[in-house]
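For reference, the structure discussed in these notes is given below.
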Amino acid sequence: MDLAIAFVISNIWTIGFLIAAVYNQSFRPEHKPITHFALFAAVIFALAHLAFSQWIAFLHEPIKIHYLYLAFSALVLAVTPLIYNRIRGFVFHWQLKLAMGLLVFDLILTFLVHIDRNVIALNTGVGVNYERGSAWWLWDVRTILSHLFNTIIFVSLFLPVGLFTKNKSTEEADINFNGEYANIDNVIPMPQTPSSNLVKLSIGNGFRTLSTEAYLKEVDQAYNRVEAIQDLIHAMPEGDKKITASQFVFTASELITEQDHSKTDYIQSINLLCDKARDLALYSYPPGEKRNVELTSRLEQHI
């Protein structure tokens, strides 16, 4: 590919992944690993673009370094979410696994083209295929697949994390709950409701007017949170942790419906339940728990 065209395309990918980051932050703020990866991709493409425009484009023979810097950019983008998610304790959703796999494949192809054009011709074993007139199918395959991989990664950032997970319907999930709603710290049973186990915060009902524009906006945000967290839960492996997270978000959705009937403000309860469900679905360990496990393990070793 002509270096000038590559320059333009790098701009397109930078803007595209920035749009993906803004979209996820705006409409799916619970999907933090996806948002952060999109932001990482935008930054890395921007830095690669800057390196090309300020350094590589002015080299006497830019082709000697061009494919190496592309391979290095792919390596950084593949490794960054791996390290970042391990540090933060985030679950690896299918989008990140797909991205890392495709980027590693792209890295290998790009490095092979570098060898072909600068070290030894891979199709003949004689000299190097330095000039564009000596192009062969490896160059075309690498160019096509590189852009195809970027497109697949970009599109995946807009798709549900539970897309490929076989899920049960809400009615089937209710059976697993045995008719019980979630209960957590700072929450007490709500009196005079269809279910004695339905919950609300113990701080009382408050004195807000439930028809104000600000309150209705909070209700819409609560609906959106529940839907986003349900998507995260769908991607969880089957087990007690998934059932618990489902109970939290199911209870939150019931509270949204209940407050319409009772005219009681349960927004804080709903957000608290959503926070608990999100943490179970998003983290390998809930925030702070991993550190506690490590400290307990160290303490046991010294006993």
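Please note that chains go A, B, ... in the order of the structure tokens, that every chain numbers its residues from 1, and that ligands are numbered from 1 in the order shown.
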
Next on the checklist: At a cut-off of 12 Å, using only C-alpha atoms, what residues contact Leu75 (chain A)? Leave out same-chain residues fewer than 5 positions from it and give the result as a list of chain:residue names.
Outcome noted: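 Using only C-alpha atoms, the neighbours found are A:Ala41, A:Ile44, A:Leu68, A:Tyr69, A:Leu70, A:Thr80, A:Pro81, A:Leu82, A:Ala99, A:Met100, A:Gly101, A:Leu102, A:Leu103, A:Val104, A:Phe105, A:Asp106, A:Leu107, A:Ile108, A:Thr110, A:Phe111.
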
Can I get the selected residues back with C-alpha atoms, as a short mmCIF file (atom, residue, chain, number, x, y, z; two decimals), in the first residue's frame?
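As written to disk, again-v3.cif reads:
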data_model
loop_
_atom_site.label_atom_id
_atom_site.label_comp_id
_atom_site.auth_asym_id
_atom_site.auth_seq_id
_atom_site.Cartn_x
_atom_site.Cartn_y
_atom_site.Cartn_z
CA ALA A 41 -7.01 1.75 20.24
CA ILE A 44 -2.35 3.97 19.81
CA LEU A 68 8.33 -2.80 11.95
CA TYR A 69 6.49 0.15 13.45
CA LEU A 70 3.16 -1.27 12.24
CA THR A 80 -2.34 -3.38 26.53
CA PRO A 81 -5.82 -4.82 27.31
CA LEU A 82 -4.23 -8.03 28.57
CA ALA A 99 -9.17 -8.32 19.14
CA MET A 100 -6.04 -9.80 20.72
CA GLY A 101 -6.17 -12.86 18.47
CA LEU A 102 -6.63 -10.84 15.28
CA LEU A 103 -3.92 -8.35 16.26
CA VAL A 104 -1.40 -11.13 16.89
CA PHE A 105 -2.18 -12.61 13.47
CA ASP A 106 -1.82 -9.16 11.89
CA LEU A 107 1.49 -8.69 13.70
CA ILE A 108 2.85 -11.95 12.25
CA THR A 110 3.22 -7.57 8.99
CA PHE A 111 6.54 -8.89 10.26
#

Checklist entry - Can you list, as a PyMOL selection string, every protein, DNA or RNA residue that comes within 8 Å of Ala222 (chain A) when you count only C-alpha atoms, leaving out same-chain residues fewer than 6 positions away? => result chain A and resi 256+267+270-271

Next on the checklist: Considering only C-alpha atoms, can you say which of A:Gln259, A:Asp231, A:Trp13, A:Asn118 comes closest to Ile65 (chain A)?
Outcome noted: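 Ranking A:Gln259, A:Asp231, A:Trp13, A:Asn118 by distance to Ile65 (chain A), first place goes to A:Asn118.
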
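Across the structure, CA of Arg278 (chain A) and CA of Ile229 (chain A) are spaced 5.9 Å apart.
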
Item to check | Long-range neighbours of Ala245 (chain A) as a PyMOL selection string, 7 Å cut-off, only C-alpha atoms, 2 positions minimum in chain | outcome: chain A and resi 233+241-243+247-249+277+280-281

I need the chosen residues saved as a PDB file, in the first residue's frame, with all heavy atoms.
ATOM      1  N   ILE A 233     -24.278  -9.794  32.414  1.00  0.00           N
ATOM      2  CA  ILE A 233     -24.590 -11.037  33.122  1.00  0.00           C
ATOM      3  C   ILE A 233     -24.739 -12.196  32.146  1.00  0.00           C
ATOM      4  O   ILE A 233     -24.325 -13.324  32.427  1.00  0.00           O
ATOM      5  CB  ILE A 233     -25.863 -10.862  33.966  1.00  0.00           C
ATOM      6  CG1 ILE A 233     -25.603  -9.877  35.107  1.00  0.00           C
ATOM      7  CG2 ILE A 233     -26.345 -12.199  34.523  1.00  0.00           C
ATOM      8  CD1 ILE A 233     -26.844  -9.511  35.901  1.00  0.00           C
ATOM      9  N   LYS A 241     -22.414 -17.281  41.148  1.00  0.00           N
ATOM     10  CA  LYS A 241     -22.107 -15.864  40.956  1.00  0.00           C
ATOM     11  C   LYS A 241     -23.052 -15.231  39.940  1.00  0.00           C
ATOM     12  O   LYS A 241     -23.541 -14.116  40.133  1.00  0.00           O
ATOM     13  CB  LYS A 241     -20.657 -15.716  40.501  1.00  0.00           C
ATOM     14  CG  LYS A 241     -20.143 -14.293  40.463  1.00  0.00           C
ATOM     15  CD  LYS A 241     -18.665 -14.266  40.079  1.00  0.00           C
ATOM     16  CE  LYS A 241     -18.141 -12.832  39.989  1.00  0.00           C
ATOM     17  NZ  LYS A 241     -16.706 -12.804  39.591  1.00  0.00           N
ATOM     18  N   LYS A 242     -23.337 -15.960  38.870  1.00  0.00           N
ATOM     19  CA  LYS A 242     -24.261 -15.452  37.854  1.00  0.00           C
ATOM     20  C   LYS A 242     -25.676 -15.362  38.397  1.00  0.00           C
ATOM     21  O   LYS A 242     -26.399 -14.388  38.131  1.00  0.00           O
ATOM     22  CB  LYS A 242     -24.225 -16.354  36.621  1.00  0.00           C
ATOM     23  CG  LYS A 242     -25.110 -15.876  35.483  1.00  0.00           C
ATOM     24  CD  LYS A 242     -24.911 -16.717  34.240  1.00  0.00           C
ATOM     25  CE  LYS A 242     -25.717 -16.176  33.069  1.00  0.00           C
ATOM     26  NZ  LYS A 242     -25.478 -16.943  31.828  1.00  0.00           N
ATOM     27  N   ILE A 243     -26.089 -16.367  39.173  1.00  0.00           N
ATOM     28  CA  ILE A 243     -27.432 -16.352  39.757  1.00  0.00           C
ATOM     29  C   ILE A 243     -27.591 -15.171  40.713  1.00  0.00           C
ATOM     30  O   ILE A 243     -28.609 -14.474  40.703  1.00  0.00           O
ATOM     31  CB  ILE A 243     -27.709 -17.681  40.488  1.00  0.00           C
ATOM     32  CG1 ILE A 243     -27.806 -18.823  39.475  1.00  0.00           C
ATOM     33  CG2 ILE A 243     -28.994 -17.589  41.304  1.00  0.00           C
ATOM     34  CD1 ILE A 243     -27.961 -20.188  40.098  1.00  0.00           C
ATOM     35  N   GLN A 247     -30.124 -12.051  40.380  1.00  0.00           N
ATOM     36  CA  GLN A 247     -31.082 -11.677  41.419  1.00  0.00           C
ATOM     37  C   GLN A 247     -31.032 -10.176  41.703  1.00  0.00           C
ATOM     38  O   GLN A 247     -32.067  -9.529  41.863  1.00  0.00           O
ATOM     39  CB  GLN A 247     -30.789 -12.459  42.699  1.00  0.00           C
ATOM     40  CG  GLN A 247     -31.188 -13.919  42.635  1.00  0.00           C
ATOM     41  CD  GLN A 247     -30.815 -14.672  43.897  1.00  0.00           C
ATOM     42  OE1 GLN A 247     -29.808 -14.377  44.521  1.00  0.00           O
ATOM     43  NE2 GLN A 247     -31.629 -15.646  44.276  1.00  0.00           N
ATOM     44  N   PHE A 248     -29.817  -9.645  41.768  1.00  0.00           N
ATOM     45  CA  PHE A 248     -29.679  -8.209  42.029  1.00  0.00           C
ATOM     46  C   PHE A 248     -30.358  -7.385  40.934  1.00  0.00           C
ATOM     47  O   PHE A 248     -31.132  -6.461  41.213  1.00  0.00           O
ATOM     48  CB  PHE A 248     -28.202  -7.826  42.120  1.00  0.00           C
ATOM     49  CG  PHE A 248     -27.543  -8.233  43.414  1.00  0.00           C
ATOM     50  CD1 PHE A 248     -26.235  -8.698  43.417  1.00  0.00           C
ATOM     51  CD2 PHE A 248     -28.213  -8.136  44.620  1.00  0.00           C
ATOM     52  CE1 PHE A 248     -25.619  -9.075  44.607  1.00  0.00           C
ATOM     53  CE2 PHE A 248     -27.616  -8.509  45.811  1.00  0.00           C
ATOM     54  CZ  PHE A 248     -26.313  -8.987  45.800  1.00  0.00           C
ATOM     55  N   VAL A 249     -30.053  -7.693  39.675  1.00  0.00           N
ATOM     56  CA  VAL A 249     -30.582  -6.872  38.583  1.00  0.00           C
ATOM     57  C   VAL A 249     -32.079  -7.123  38.392  1.00  0.00           C
ATOM     58  O   VAL A 249     -32.836  -6.216  38.010  1.00  0.00           O
ATOM     59  CB  VAL A 249     -29.785  -7.129  37.289  1.00  0.00           C
ATOM     60  CG1 VAL A 249     -30.187  -8.435  36.616  1.00  0.00           C
ATOM     61  CG2 VAL A 249     -29.958  -5.972  36.311  1.00  0.00           C
ATOM     62  N   ALA A 277     -24.684  -5.929  41.121  1.00  0.00           N
ATOM     63  CA  ALA A 277     -24.757  -6.834  39.972  1.00  0.00           C
ATOM     64  C   ALA A 277     -23.633  -6.557  38.979  1.00  0.00           C
ATOM     65  O   ALA A 277     -23.001  -7.475  38.455  1.00  0.00           O
ATOM     66  CB  ALA A 277     -26.118  -6.685  39.286  1.00  0.00           C
ATOM     67  N   LEU A 280     -20.240  -7.938  40.197  1.00  0.00           N
ATOM     68  CA  LEU A 280     -20.156  -9.392  40.047  1.00  0.00           C
ATOM     69  C   LEU A 280     -19.927  -9.788  38.598  1.00  0.00           C
ATOM     70  O   LEU A 280     -19.192 -10.740  38.311  1.00  0.00           O
ATOM     71  CB  LEU A 280     -21.440 -10.045  40.567  1.00  0.00           C
ATOM     72  CG  LEU A 280     -21.619 -10.080  42.082  1.00  0.00           C
ATOM     73  CD1 LEU A 280     -23.022 -10.551  42.434  1.00  0.00           C
ATOM     74  CD2 LEU A 280     -20.579 -10.996  42.725  1.00  0.00           C
ATOM     75  N   ALA A 281     -20.556  -9.052  37.670  1.00  0.00           N
ATOM     76  CA  ALA A 281     -20.464  -9.404  36.252  1.00  0.00           C
ATOM     77  C   ALA A 281     -19.188  -8.890  35.587  1.00  0.00           C
ATOM     78  O   ALA A 281     -18.699  -9.485  34.632  1.00  0.00           O
ATOM     79  CB  ALA A 281     -21.684  -8.848  35.508  1.00  0.00           C
TER      80      ALA A 281
END

Next on the checklist: Applying 12 Å and only C-alpha atoms, which residues near region 138-150 of chain A remain after dropping the ones on its own chain fewer than 3 positions away? List them as number ranges by chain.
Outcome noted: A: 1-2, 5-6, 9-10, 12-14, 16-17, 38, 41-42, 45, 67, 70-71, 74, 77, 98-117, 121-123, 129-135, 153-157

Checklist entry - CA of Ser269 (chain A) to CA of Asp240 (chain A): how many Å, to one decimal? => result 22.3 Å
